[in-house]
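**Q** Before anything else, here's the structure in question.
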Amino acid sequence: MDHKQMLEIAIQEARAGLEEGGIPVGAALFDAKGNLLGRGHNRRVQNDDPSVHGETDAFRNAGRQKNYRDKIMVTTLAPCWYCSGLIRQFNIGTVIVGESVNFPGGLDWLRENGIKVIDLQSKDCIDMMAQFIEQRPELWNEDIGEVSE
């Protein structure tokens, strides 16, 4: 499975979250061979739970793994500090990001800590998030306000 195919699964999750009235961030966790372990999307609005980000949802849905160093986290948007901490805490070796234009997240910090970061700068991801920010600024500002404190 190539990076774009992996990202497509995360994009499907982001779209599902958007259809549910939530924030369109999707993610998926893969093993080194490209096998899907878990997928999920941001459910902060839907569940009224500030801890259910796309990455955490995918991570939880993957179940316990013996080792995370060879795992690949794919996410439509650069991970916030909370999700970057999860990636670092469990030593996930690679992060594939759909975009970091609308939100730069903790990509530099992840790189500084030995995590391989691949930023695909996907037009689909950039456009989906930009449109969401334009249409639902109150949700976006609430989301970013909480994660940037």
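If you're wondering about the labels, chains in the structure tokens are A, B, ... by order shown, residues count from 1 in each chain, ligands from 1 in order shown.
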I'd like a table as a Markdown table: residues in segment 45-113 of chain A with an atom no more than 8 Å from segment 117-127 of chain A, each row giving the shortest atom pair and its distance in Å to one decimal, only C-alpha atoms counted, sorted by chain and rising residue number.
**A**
```
| residue | atom | partner | partner_atom | distance |
| --- | --- | --- | --- | --- |
| A:Thr76 | CA | A:Cys125 | CA | 5.9 |
| A:Leu77 | CA | A:Cys125 | CA | 7.3 |
| A:Thr94 | CA | A:Val117 | CA | 5.9 |
| A:Val95 | CA | A:Val117 | CA | 4.9 |
| A:Ile96 | CA | A:Ile118 | CA | 4.7 |
| A:Val97 | CA | A:Asp119 | CA | 4.7 |
| A:Gly98 | CA | A:Leu120 | CA | 5.2 |
| A:Glu99 | CA | A:Gln121 | CA | 4.5 |
| A:Ser100 | CA | A:Gln121 | CA | 7.0 |
| A:Val101 | CA | A:Ile126 | CA | 6.7 |
| A:Asn102 | CA | A:Ile126 | CA | 6.8 |
| A:Leu107 | CA | A:Val117 | CA | 7.0 |
| A:Leu110 | CA | A:Val117 | CA | 7.5 |
| A:Arg111 | CA | A:Val117 | CA | 6.4 |
```
**Q** Can you spit out the residues from that selection as an mmCIF file, in the first residue's frame, using C-alpha atoms?
**A**
```cif
data_model
loop_
_atom_site.group_PDB
_atom_site.id
_atom_site.type_symbol
_atom_site.label_atom_id
_atom_site.label_comp_id
_atom_site.auth_asym_id
_atom_site.auth_seq_id
_atom_site.Cartn_x
_atom_site.Cartn_y
_atom_site.Cartn_z
ATOM 1 C CA THR A 76 -5.288 14.167 7.440
ATOM 2 C CA LEU A 77 -4.002 17.115 9.481
ATOM 3 C CA THR A 94 6.529 7.221 11.045
ATOM 4 C CA VAL A 95 3.805 9.832 10.631
ATOM 5 C CA ILE A 96 2.244 10.528 7.256
ATOM 6 C CA VAL A 97 0.389 13.835 7.227
ATOM 7 C CA GLY A 98 -2.187 14.896 4.673
ATOM 8 C CA GLU A 99 -1.491 18.573 5.277
ATOM 9 C CA SER A 100 0.098 21.104 7.581
ATOM 10 C CA VAL A 101 -1.011 24.293 5.816
ATOM 11 C CA ASN A 102 -4.118 24.982 7.923
ATOM 12 C CA LEU A 107 5.731 18.216 13.189
ATOM 13 C CA LEU A 110 8.295 15.003 16.171
ATOM 14 C CA ARG A 111 11.188 15.261 13.706
#
```
**Q** What parts of segment 5-148 of chain A does DSSP call strand (DSSP E)? I'd like the answer as a count of residues only.
**A** 23
**Q** Glu20 of chain A: which residues within 12 Å, counting only C-alpha atoms, same-chain residues fewer than 6 positions away excluded, as a PDB file with C-alpha atoms, in the first residue's frame?
**A**
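Written file, out03.pdb:
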```
ATOM      1  CA  GLU A  13     -12.637   8.908   8.217  1.00  0.00           C
ATOM      2  CA  ALA A  14     -12.394  12.714   8.091  1.00  0.00           C
ATOM      3  CA  HIS A  41     -11.814  10.237  13.309  1.00  0.00           C
ATOM      4  CA  ASN A  42     -12.153  13.234  15.546  1.00  0.00           C
ATOM      5  CA  ARG A  43     -15.258  12.784  17.708  1.00  0.00           C
ATOM      6  CA  ARG A  44     -14.789  15.687  20.093  1.00  0.00           C
ATOM      7  CA  VAL A  45     -18.072  17.312  19.083  1.00  0.00           C
ATOM      8  CA  GLN A  46     -20.090  14.134  18.594  1.00  0.00           C
ATOM      9  CA  ASN A  47     -19.067  12.566  21.924  1.00  0.00           C
TER      10      ASN A  47
END
```
**Q** Residues of segment 15-77 of chain A in alpha helix (DSSP H) according to DSSP, as a list in words?
**A**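 In segment 15-77 of chain A, DSSP puts these residues in alpha helix (DSSP H): Arg15, Ala16, Gly17, Leu18, Glu19, Arg44, Val45, Gln46, Asn47, Gly54, Glu55, Thr56, Asp57, Ala58, Phe59, Arg60, Asn61 and Ala62 of chain A.
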**Q** Write to file, as a PDB file, in the first residue's frame, the residues of the selection just made, with N, CA and C atoms.
**A**
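Wrote result.pdb, looks like this:
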```pdb
ATOM      1  N   ARG A  15     -14.086  12.567   6.383  1.00  0.00           N
ATOM      2  CA  ARG A  15     -15.394  12.849   5.770  1.00  0.00           C
ATOM      3  C   ARG A  15     -16.528  12.297   6.634  1.00  0.00           C
ATOM      4  N   ALA A  16     -16.321  11.129   7.225  1.00  0.00           N
ATOM      5  CA  ALA A  16     -17.336  10.560   8.118  1.00  0.00           C
ATOM      6  C   ALA A  16     -17.562  11.486   9.315  1.00  0.00           C
ATOM      7  N   GLY A  17     -16.485  11.997   9.883  1.00  0.00           N
ATOM      8  CA  GLY A  17     -16.609  12.926  10.998  1.00  0.00           C
ATOM      9  C   GLY A  17     -17.348  14.190  10.610  1.00  0.00           C
ATOM     10  N   LEU A  18     -17.060  14.694   9.441  1.00  0.00           N
ATOM     11  CA  LEU A  18     -17.737  15.893   8.948  1.00  0.00           C
ATOM     12  C   LEU A  18     -19.231  15.627   8.770  1.00  0.00           C
ATOM     13  N   GLU A  19     -19.577  14.479   8.213  1.00  0.00           N
ATOM     14  CA  GLU A  19     -20.991  14.113   8.019  1.00  0.00           C
ATOM     15  C   GLU A  19     -21.727  13.984   9.345  1.00  0.00           C
ATOM     16  N   ARG A  44     -14.686  14.757  18.959  1.00  0.00           N
ATOM     17  CA  ARG A  44     -14.789  15.687  20.093  1.00  0.00           C
ATOM     18  C   ARG A  44     -16.180  16.275  20.208  1.00  0.00           C
ATOM     19  N   VAL A  45     -16.748  16.692  19.081  1.00  0.00           N
ATOM     20  CA  VAL A  45     -18.072  17.312  19.083  1.00  0.00           C
ATOM     21  C   VAL A  45     -19.143  16.246  19.306  1.00  0.00           C
ATOM     22  N   GLN A  46     -19.068  15.167  18.540  1.00  0.00           N
ATOM     23  CA  GLN A  46     -20.090  14.134  18.594  1.00  0.00           C
ATOM     24  C   GLN A  46     -20.206  13.495  19.976  1.00  0.00           C
ATOM     25  N   ASN A  47     -19.078  13.236  20.629  1.00  0.00           N
ATOM     26  CA  ASN A  47     -19.067  12.566  21.924  1.00  0.00           C
ATOM     27  C   ASN A  47     -18.954  13.534  23.096  1.00  0.00           C
ATOM     28  N   GLY A  54      -8.688  12.366  16.016  1.00  0.00           N
ATOM     29  CA  GLY A  54      -8.586  11.334  14.985  1.00  0.00           C
ATOM     30  C   GLY A  54      -7.509  10.318  15.291  1.00  0.00           C
ATOM     31  N   GLU A  55      -6.339  10.806  15.686  1.00  0.00           N
ATOM     32  CA  GLU A  55      -5.214   9.915  15.963  1.00  0.00           C
ATOM     33  C   GLU A  55      -5.480   9.021  17.167  1.00  0.00           C
ATOM     34  N   THR A  56      -6.068   9.584  18.227  1.00  0.00           N
ATOM     35  CA  THR A  56      -6.340   8.767  19.406  1.00  0.00           C
ATOM     36  C   THR A  56      -7.409   7.724  19.112  1.00  0.00           C
ATOM     37  N   ASP A  57      -8.387   8.077  18.286  1.00  0.00           N
ATOM     38  CA  ASP A  57      -9.438   7.137  17.913  1.00  0.00           C
ATOM     39  C   ASP A  57      -8.847   5.968  17.118  1.00  0.00           C
ATOM     40  N   ALA A  58      -8.012   6.270  16.146  1.00  0.00           N
ATOM     41  CA  ALA A  58      -7.365   5.219  15.350  1.00  0.00           C
ATOM     42  C   ALA A  58      -6.464   4.360  16.234  1.00  0.00           C
ATOM     43  N   PHE A  59      -5.709   4.995  17.115  1.00  0.00           N
ATOM     44  CA  PHE A  59      -4.807   4.288  18.024  1.00  0.00           C
ATOM     45  C   PHE A  59      -5.580   3.323  18.914  1.00  0.00           C
ATOM     46  N   ARG A  60      -6.669   3.807  19.498  1.00  0.00           N
ATOM     47  CA  ARG A  60      -7.488   2.958  20.368  1.00  0.00           C
ATOM     48  C   ARG A  60      -8.107   1.802  19.585  1.00  0.00           C
ATOM     49  N   ASN A  61      -8.570   2.083  18.376  1.00  0.00           N
ATOM     50  CA  ASN A  61      -9.204   1.048  17.561  1.00  0.00           C
ATOM     51  C   ASN A  61      -8.214  -0.008  17.066  1.00  0.00           C
ATOM     52  N   ALA A  62      -6.936   0.320  17.073  1.00  0.00           N
ATOM     53  CA  ALA A  62      -5.912  -0.646  16.661  1.00  0.00           C
ATOM     54  C   ALA A  62      -5.653  -1.692  17.738  1.00  0.00           C
TER      55      ALA A  62
END
```
**Q** Using only C-alpha atoms, can you tell me which of A:Ala32, A:Val52, A:Leu37, A:Val25 comes closest to Ala78 of chain A?
**A** A:Val25
**Q** When distances are computed from only C-alpha atoms, which of A:Gln65, A:Ser51, A:Thr75, A:Ser84 shows the smallest separation from Pro24 of chain A?
**A**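 Of all the options, A:Thr75 lies closest to Pro24 of chain A.
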**Q** For Ala10 of chain A, work out the shell of residues within 6 Å, counting only C-alpha atoms and skipping chain neighbours fewer than 2 positions away, then give it as JSON, numbers by chain.
**A** {"A": [7, 8, 12, 13, 26, 27, 28, 75]}
